[in-house]
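Asker: Hey, dropping my_file-v8.cif in here, mmCIF, C-alpha atoms:
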```cif
data_entry
loop_
_atom_site.label_atom_id
_atom_site.label_comp_id
_atom_site.auth_asym_id
_atom_site.auth_seq_id
_atom_site.Cartn_x
_atom_site.Cartn_y
_atom_site.Cartn_z
CA LEU F 586 -20.70 -62.71 -17.39
CA LYS F 587 -19.42 -62.77 -20.94
CA MET F 588 -16.05 -61.07 -21.11
CA LYS F 589 -13.69 -59.87 -23.84
CA ASN F 590 -12.94 -62.29 -26.68
CA ASP F 591 -16.10 -64.26 -25.85
CA GLU F 592 -14.35 -65.98 -22.94
CA TRP F 593 -16.55 -66.92 -20.03
CA LYS F 594 -15.11 -66.06 -16.66
CA GLY F 595 -16.51 -65.76 -13.19
CA ILE F 596 -17.34 -67.63 -10.04
CA VAL F 597 -20.54 -69.58 -9.50
CA VAL F 598 -21.31 -70.37 -5.86
CA PHE F 599 -23.89 -73.10 -5.39
CA ASP F 600 -25.97 -73.89 -2.36
CA LEU F 601 -25.98 -77.67 -1.85
CA ASP F 602 -29.13 -78.89 -0.12
CA GLY F 603 -32.22 -78.48 -2.25
CA THR F 604 -30.24 -76.90 -5.10
CA LEU F 605 -27.88 -79.61 -6.33
CA LEU F 606 -28.74 -82.36 -3.86
CA CYS F 607 -32.20 -83.93 -3.47
CA THR F 608 -31.81 -83.62 0.29
CA HIS F 609 -35.36 -84.63 1.05
CA LEU F 610 -34.67 -88.19 -0.10
CA HIS F 611 -31.89 -89.06 2.34
CA ILE F 612 -33.24 -86.90 5.18
CA CYS F 613 -36.65 -88.60 5.16
CA LYS F 614 -34.99 -92.02 5.16
CA ALA F 615 -32.62 -90.98 7.97
CA VAL F 616 -35.51 -89.70 10.10
CA HIS F 617 -37.57 -92.88 9.65
CA ASP F 618 -34.52 -95.05 10.45
CA THR F 619 -33.69 -92.92 13.52
CA LEU F 620 -37.20 -93.05 14.91
CA GLU F 621 -37.39 -96.80 14.35
CA CYS F 622 -33.99 -97.35 15.98
CA LEU F 623 -35.08 -95.42 19.08
CA ALA F 624 -38.60 -96.93 19.16
CA LEU F 625 -40.16 -93.49 18.73
CA PRO F 626 -43.39 -92.81 16.83
CA ASP F 627 -42.84 -92.43 13.09
CA VAL F 628 -43.90 -89.26 11.27
CA GLU F 629 -45.11 -88.57 7.75
CA ASP F 630 -42.69 -87.31 5.11
CA GLU F 631 -44.76 -84.11 4.91
CA THR F 632 -43.98 -83.40 8.57
CA ILE F 633 -40.28 -83.96 7.99
CA LEU F 634 -40.27 -81.72 4.92
CA SER F 635 -42.16 -78.94 6.72
CA HIS F 636 -39.29 -78.68 9.24
CA ILE F 637 -36.31 -79.43 6.99
CA GLU F 638 -35.10 -75.80 6.86
CA LYS F 639 -34.69 -75.60 10.65
CA SER F 640 -31.49 -76.05 12.59
CA THR F 641 -30.81 -79.66 13.55
CA PRO F 642 -31.90 -79.22 17.20
CA SER F 643 -35.17 -77.48 16.21
CA PHE F 644 -35.73 -80.02 13.44
CA LEU F 645 -35.30 -82.99 15.78
CA HIS F 646 -37.52 -81.45 18.48
CA ALA F 647 -40.23 -80.96 15.85
CA ILE F 648 -40.14 -84.52 14.54
CA ALA F 649 -39.62 -86.27 17.88
CA PRO F 650 -41.28 -84.06 20.51
CA THR F 651 -41.76 -86.97 22.93
CA CYS F 652 -38.08 -87.98 22.96
CA ARG F 653 -36.53 -87.68 26.42
CA ASP F 654 -32.93 -88.39 25.41
CA PHE F 655 -32.18 -85.60 22.98
CA GLU F 656 -28.43 -86.27 23.01
CA ARG F 657 -28.97 -89.85 21.86
CA LEU F 658 -31.54 -88.75 19.28
CA THR F 659 -29.03 -86.28 17.82
CA PHE F 660 -26.24 -88.86 17.77
CA VAL F 661 -28.37 -91.52 16.06
CA PHE F 662 -29.82 -89.06 13.56
CA ARG F 663 -26.39 -87.75 12.51
CA LYS F 664 -25.16 -91.33 12.05
CA LYS F 665 -28.22 -92.30 10.02
CA GLU F 666 -28.01 -89.08 8.01
CA ARG F 667 -24.43 -89.88 6.97
CA GLU F 668 -25.32 -93.49 6.14
CA CYS F 669 -28.33 -92.49 4.06
CA LEU F 670 -26.42 -89.74 2.27
CA GLU F 671 -23.66 -92.18 1.34
CA LYS F 672 -26.12 -94.82 0.16
CA ASP F 673 -29.07 -92.81 -1.14
CA GLY F 674 -27.66 -89.34 -1.92
CA ARG F 675 -29.03 -88.15 -5.27
CA LEU F 676 -28.58 -85.07 -7.40
CA PHE F 677 -31.35 -83.30 -9.25
CA GLU F 678 -31.60 -84.23 -12.91
CA GLY F 679 -29.15 -82.32 -15.11
CA VAL F 680 -26.79 -81.23 -12.31
CA VAL F 681 -23.74 -83.13 -13.59
CA GLU F 682 -24.24 -81.80 -17.12
CA LEU F 683 -24.62 -78.24 -15.78
CA LEU F 684 -21.48 -78.47 -13.65
CA ASP F 685 -19.51 -79.98 -16.52
CA THR F 686 -20.62 -77.25 -18.92
CA LEU F 687 -19.82 -74.45 -16.47
CA ASN F 688 -16.46 -75.98 -15.64
CA ARG F 689 -15.48 -76.39 -19.31
CA SER F 690 -16.63 -72.81 -19.97
CA GLY F 691 -14.07 -71.42 -17.54
CA PHE F 692 -16.18 -70.80 -14.46
CA GLN F 693 -14.73 -71.45 -11.04
CA LEU F 694 -17.31 -73.40 -9.01
CA TRP F 695 -17.76 -73.23 -5.24
CA ILE F 696 -20.18 -74.71 -2.69
CA CYS F 697 -21.62 -72.63 0.16
CA SER F 698 -23.81 -74.54 2.59
CA ASN F 699 -25.19 -74.42 6.11
CA GLY F 700 -23.93 -77.98 6.53
CA SER F 701 -20.68 -78.87 8.24
CA PRO F 702 -17.56 -79.22 6.08
CA GLU F 703 -17.70 -82.98 6.71
CA TYR F 704 -21.32 -83.20 5.52
CA ILE F 705 -20.56 -81.12 2.41
CA SER F 706 -17.51 -83.24 1.54
CA LEU F 707 -19.49 -86.45 2.03
CA ALA F 708 -22.30 -85.17 -0.19
CA LEU F 709 -19.89 -84.16 -2.97
CA LYS F 710 -18.00 -87.45 -2.74
CA SER F 711 -21.15 -89.62 -2.55
CA THR F 712 -22.61 -87.98 -5.63
CA LYS F 713 -19.24 -87.95 -7.44
CA ILE F 714 -19.18 -84.21 -8.13
CA GLU F 715 -16.30 -83.13 -5.88
CA LYS F 716 -14.00 -82.78 -8.91
CA TYR F 717 -15.99 -79.78 -10.17
CA PHE F 718 -15.50 -77.56 -7.12
CA HIS F 719 -12.65 -75.21 -6.39
CA GLY F 720 -13.67 -74.73 -2.78
CA ILE F 721 -16.15 -75.42 -0.01
CA LEU F 722 -17.64 -72.75 2.22
CA SER F 723 -19.50 -73.86 5.34
CA SER F 724 -21.48 -71.19 7.14
CA ARG F 725 -21.04 -73.06 10.43
CA GLY F 726 -19.52 -70.58 12.87
CA TYR F 727 -20.80 -67.63 10.86
CA GLU F 728 -24.04 -65.68 11.14
CA GLY F 729 -25.13 -67.02 7.77
CA LYS F 730 -24.14 -67.47 4.17
CA GLU F 731 -24.02 -63.72 3.57
CA GLN F 732 -21.25 -63.29 6.14
CA ILE F 733 -19.07 -66.12 4.91
CA LEU F 734 -19.54 -65.16 1.25
CA SER F 735 -18.68 -61.56 2.01
CA GLU F 736 -15.56 -62.56 3.92
CA LYS F 737 -14.31 -65.36 1.69
CA MET F 738 -15.10 -63.79 -1.68
CA LYS F 739 -13.53 -60.37 -1.03
CA ASP F 740 -10.25 -61.71 -2.42
CA ALA F 741 -11.89 -63.52 -5.32
CA VAL F 742 -10.12 -63.55 -8.66
CA SER F 743 -13.23 -62.24 -10.37
CA GLU F 744 -15.76 -59.52 -9.71
CA ASN F 745 -18.35 -61.68 -11.44
CA ILE F 746 -19.88 -63.86 -8.75
CA ILE F 747 -23.26 -65.55 -8.99
CA LEU F 748 -24.96 -67.33 -6.08
CA VAL F 749 -27.31 -70.15 -7.06
CA GLY F 750 -29.73 -71.46 -4.44
CA ASP F 751 -33.22 -72.66 -3.74
CA ARG F 752 -34.24 -69.83 -1.38
CA LEU F 753 -34.17 -66.06 -1.64
CA SER F 754 -32.45 -65.83 1.75
#
```
Once more with this new file: its structure as C-alpha cells, please.
Answerer:
Amino acid sequence: LKMKNDEWKGIVVFDLDGTLLCTHLHICKAVHDTLECLALPDVEDETILSHIEKSTPSFLHAIAPTCRDFERLTFVFRKKERECLEKDGRLFEGVVELLDTLNRSGFQLWICSNGSPEYISLALKSTKIEKYFHGILSSRGYEGKEQILSEKMKDAVSENIILVGDRLS
C-alpha cells in the first residue's frame, strides 16, 4: 500500500474477536459464571471453545443442552458476557503497538465484527483502543461481513483496503 512520496495510505479493517481481542478469556469466564448462576452443569473450556464461532443461540444450546429456560439463559449470559468483558477483556500481545504504528503511518482503521455495535464499543472502550478507530461496522442485520464491507466501503476514500482477521471466511 505504499503510495507516491513514500506516504502510507489506505484502510485497514480489523475483525475484533480472536484477532485483536482474546475473546476466549472473557467468554469462558462468562459461561462458567452463567452456568453457576443458573445451577446448570459446568462444562470444560475446551467445550466452550469448540462452539465459540456459533451464533449465540446455537452456542448456548451447545453448552447448556439441559436448560429449559432458554430466554433466561440468554439474558444471564449476555449480562455476564458484558461484565466479564469490562473486567477481564484482554488484547493479544502487540495489538496496541500495531494500532499505534498503523495510525501514525496514515492508515484509517476500522472494526468489522459479528458482534452488536454495543458489544464492539464496550470491547474497544474496555481495552482502551477506541481512539484508534475511524468507524465500527457490525454485521448484525447483514448476511455477513462480506455484505457490510461491500456496502460500507464502496464510498471509501481509498482503493487500498485490507481486511485482517483470524478466519479465511
Asker: Please evaluate the PyMOL selection byres ((chain F and resi 663-678) around 8) against the structure above and give the resulting residues as a list in words.
Answerer: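 When the PyMOL selection byres ((chain F and resi 663-678) around 8) is applied to the shown file, the picked residues are Thr604, Leu605, Leu606, Cys607, Thr608, Leu610, His611, Ile612, Lys614, Ala615, Val616, Asp618, Thr619, Thr659, Phe660, Val661, Phe662, Gly679, Val680, Val681, Tyr704, Leu707, Ala708, Ser711 and Thr712 of chain F.
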Asker: Can you spell out as a ChimeraX atom specification the set of residues that the PyMOL selection byres ((chain F and resi 622-638) around 8) selects in the structure I just provided?
Answerer: /F:609,613,616-621,639-640,644,647-649,651-652,658
Asker: Please list as number ranges by chain every residue within 10 Å of Glu715 (chain F), counting all atoms listed in the file and excluding residues in the same chain fewer than 6 positions away.
Answerer: F: 696, 705-709, 721
Asker: Expressed in Å to a single decimal, how great is the separation between CA of Ser690 (chain F) and CA of His719 (chain F)?
Answerer: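 CA of His719 (chain F) lies at a distance of 14.4 Å from CA of Ser690 (chain F).
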Asker: Work out how far apart CA of Glu682 (chain F) and CA of Phe718 (chain F) are and give it in Å to one decimal.
Answerer: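 Going from CA of Glu682 (chain F) over to CA of Phe718 (chain F) covers 13.9 Å.
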Asker: So how far away is CA of Lys594 (chain F) from CA of Phe692 (chain F), in Å?
Answerer: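 Computing the Euclidean distance for CA of Phe692 (chain F) and CA of Lys594 (chain F) yields 5.3 Å.
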Asker: For Val597 (chain F), which residue among F:Ile714, F:Leu694, F:Leu687, F:Gly750 is the nearest when counting all atoms listed in the file?
Answerer: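 Result for the nearest residue to Val597 (chain F): F:Leu694.
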Asker: Since the input is missing atoms, can you rebuild all heavy atoms for region 663-674 of chain F and write them as a JSON list (two decimals), in the frame of the given file?
Answerer:
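rebuild29.json written:
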```json
[["chain", "number", "residue", "atom", "x", "y", "z"],
["F", 663, "ARG", "N", -27.59, -88.13, 13.29],
["F", 663, "ARG", "CA", -26.39, -87.75, 12.51],
["F", 663, "ARG", "C", -25.75, -88.98, 11.86],
["F", 663, "ARG", "O", -25.29, -88.93, 10.72],
["F", 663, "ARG", "CB", -25.39, -87.01, 13.39],
["F", 663, "ARG", "CG", -25.89, -85.64, 13.79],
["F", 663, "ARG", "CD", -24.76, -84.67, 14.02],
["F", 663, "ARG", "NE", -25.20, -83.40, 14.54],
["F", 663, "ARG", "CZ", -25.68, -82.41, 13.81],
["F", 663, "ARG", "NH1", -25.80, -82.55, 12.51],
["F", 663, "ARG", "NH2", -26.05, -81.27, 14.37],
["F", 664, "LYS", "N", -25.70, -90.08, 12.60],
["F", 664, "LYS", "CA", -25.16, -91.33, 12.05],
["F", 664, "LYS", "C", -26.01, -91.82, 10.89],
["F", 664, "LYS", "O", -25.50, -92.16, 9.81],
["F", 664, "LYS", "CB", -25.09, -92.38, 13.16],
["F", 664, "LYS", "CG", -24.52, -93.72, 12.73],
["F", 664, "LYS", "CD", -24.45, -94.67, 13.93],
["F", 664, "LYS", "CE", -23.82, -95.98, 13.59],
["F", 664, "LYS", "NZ", -24.64, -96.87, 12.82],
["F", 665, "LYS", "N", -27.31, -91.84, 11.08],
["F", 665, "LYS", "CA", -28.22, -92.30, 10.02],
["F", 665, "LYS", "C", -28.19, -91.35, 8.82],
["F", 665, "LYS", "O", -28.26, -91.79, 7.67],
["F", 665, "LYS", "CB", -29.66, -92.43, 10.55],
["F", 665, "LYS", "CG", -29.82, -93.46, 11.64],
["F", 665, "LYS", "CD", -29.65, -94.86, 11.11],
["F", 665, "LYS", "CE", -29.91, -95.90, 12.19],
["F", 665, "LYS", "NZ", -29.67, -97.26, 11.70],
["F", 666, "GLU", "N", -28.08, -90.07, 9.09],
["F", 666, "GLU", "CA", -28.01, -89.08, 8.01],
["F", 666, "GLU", "C", -26.80, -89.35, 7.12],
["F", 666, "GLU", "O", -26.90, -89.35, 5.89],
["F", 666, "GLU", "CB", -27.95, -87.67, 8.58],
["F", 666, "GLU", "CG", -27.86, -86.58, 7.53],
["F", 666, "GLU", "CD", -27.67, -85.21, 8.12],
["F", 666, "GLU", "OE1", -26.98, -85.07, 9.16],
["F", 666, "GLU", "OE2", -28.20, -84.25, 7.54],
["F", 667, "ARG", "N", -25.64, -89.58, 7.74],
["F", 667, "ARG", "CA", -24.43, -89.88, 6.97],
["F", 667, "ARG", "C", -24.59, -91.18, 6.18],
["F", 667, "ARG", "O", -24.22, -91.24, 5.00],
["F", 667, "ARG", "CB", -23.21, -89.97, 7.91],
["F", 667, "ARG", "CG", -22.74, -88.63, 8.43],
["F", 667, "ARG", "CD", -21.42, -88.74, 9.17],
["F", 667, "ARG", "NE", -21.42, -89.70, 10.27],
["F", 667, "ARG", "CZ", -21.81, -89.45, 11.52],
["F", 667, "ARG", "NH1", -22.22, -88.24, 11.84],
["F", 667, "ARG", "NH2", -21.77, -90.39, 12.44],
["F", 668, "GLU", "N", -25.12, -92.20, 6.82],
["F", 668, "GLU", "CA", -25.32, -93.49, 6.14],
["F", 668, "GLU", "C", -26.26, -93.35, 4.94],
["F", 668, "GLU", "O", -25.96, -93.87, 3.86],
["F", 668, "GLU", "CB", -25.89, -94.53, 7.11],
["F", 668, "GLU", "CG", -24.93, -94.99, 8.18],
["F", 668, "GLU", "CD", -25.60, -95.85, 9.25],
["F", 668, "GLU", "OE1", -26.82, -96.12, 9.16],
["F", 668, "GLU", "OE2", -24.89, -96.25, 10.20],
["F", 669, "CYS", "N", -27.36, -92.66, 5.15],
["F", 669, "CYS", "CA", -28.33, -92.49, 4.06],
["F", 669, "CYS", "C", -27.79, -91.61, 2.94],
["F", 669, "CYS", "O", -28.07, -91.86, 1.77],
["F", 669, "CYS", "CB", -29.65, -91.93, 4.61],
["F", 669, "CYS", "SG", -30.54, -93.09, 5.66],
["F", 670, "LEU", "N", -27.02, -90.60, 3.29],
["F", 670, "LEU", "CA", -26.42, -89.74, 2.27],
["F", 670, "LEU", "C", -25.45, -90.55, 1.43],
["F", 670, "LEU", "O", -25.46, -90.46, 0.20],
["F", 670, "LEU", "CB", -25.71, -88.55, 2.92],
["F", 670, "LEU", "CG", -24.96, -87.61, 1.99],
["F", 670, "LEU", "CD1", -25.86, -87.06, 0.90],
["F", 670, "LEU", "CD2", -24.34, -86.47, 2.80],
["F", 671, "GLU", "N", -24.61, -91.35, 2.08],
["F", 671, "GLU", "CA", -23.66, -92.18, 1.34],
["F", 671, "GLU", "C", -24.36, -93.18, 0.42],
["F", 671, "GLU", "O", -23.95, -93.38, -0.72],
["F", 671, "GLU", "CB", -22.75, -92.96, 2.29],
["F", 671, "GLU", "CG", -21.60, -92.17, 2.82],
["F", 671, "GLU", "CD", -20.67, -93.03, 3.64],
["F", 671, "GLU", "OE1", -21.11, -93.61, 4.66],
["F", 671, "GLU", "OE2", -19.47, -93.10, 3.27],
["F", 672, "LYS", "N", -25.42, -93.77, 0.91],
["F", 672, "LYS", "CA", -26.12, -94.82, 0.16],
["F", 672, "LYS", "C", -27.16, -94.27, -0.81],
["F", 672, "LYS", "O", -27.27, -94.75, -1.94],
["F", 672, "LYS", "CB", -26.80, -95.77, 1.14],
["F", 672, "LYS", "CG", -27.49, -96.94, 0.49],
["F", 672, "LYS", "CD", -28.13, -97.84, 1.51],
["F", 672, "LYS", "CE", -28.89, -98.93, 0.78],
["F", 672, "LYS", "NZ", -29.84, -99.60, 1.64],
["F", 673, "ASP", "N", -27.91, -93.27, -0.37],
["F", 673, "ASP", "CA", -29.07, -92.81, -1.14],
["F", 673, "ASP", "C", -28.95, -91.37, -1.65],
["F", 673, "ASP", "O", -29.92, -90.84, -2.18],
["F", 673, "ASP", "CB", -30.34, -92.92, -0.28],
["F", 673, "ASP", "CG", -30.60, -94.33, 0.20],
["F", 673, "ASP", "OD1", -30.50, -95.26, -0.61],
["F", 673, "ASP", "OD2", -30.90, -94.51, 1.41],
["F", 674, "GLY", "N", -27.81, -90.72, -1.47],
["F", 674, "GLY", "CA", -27.66, -89.34, -1.92],
["F", 674, "GLY", "C", -27.85, -89.22, -3.43],
["F", 674, "GLY", "O", -27.22, -89.96, -4.19]]
```
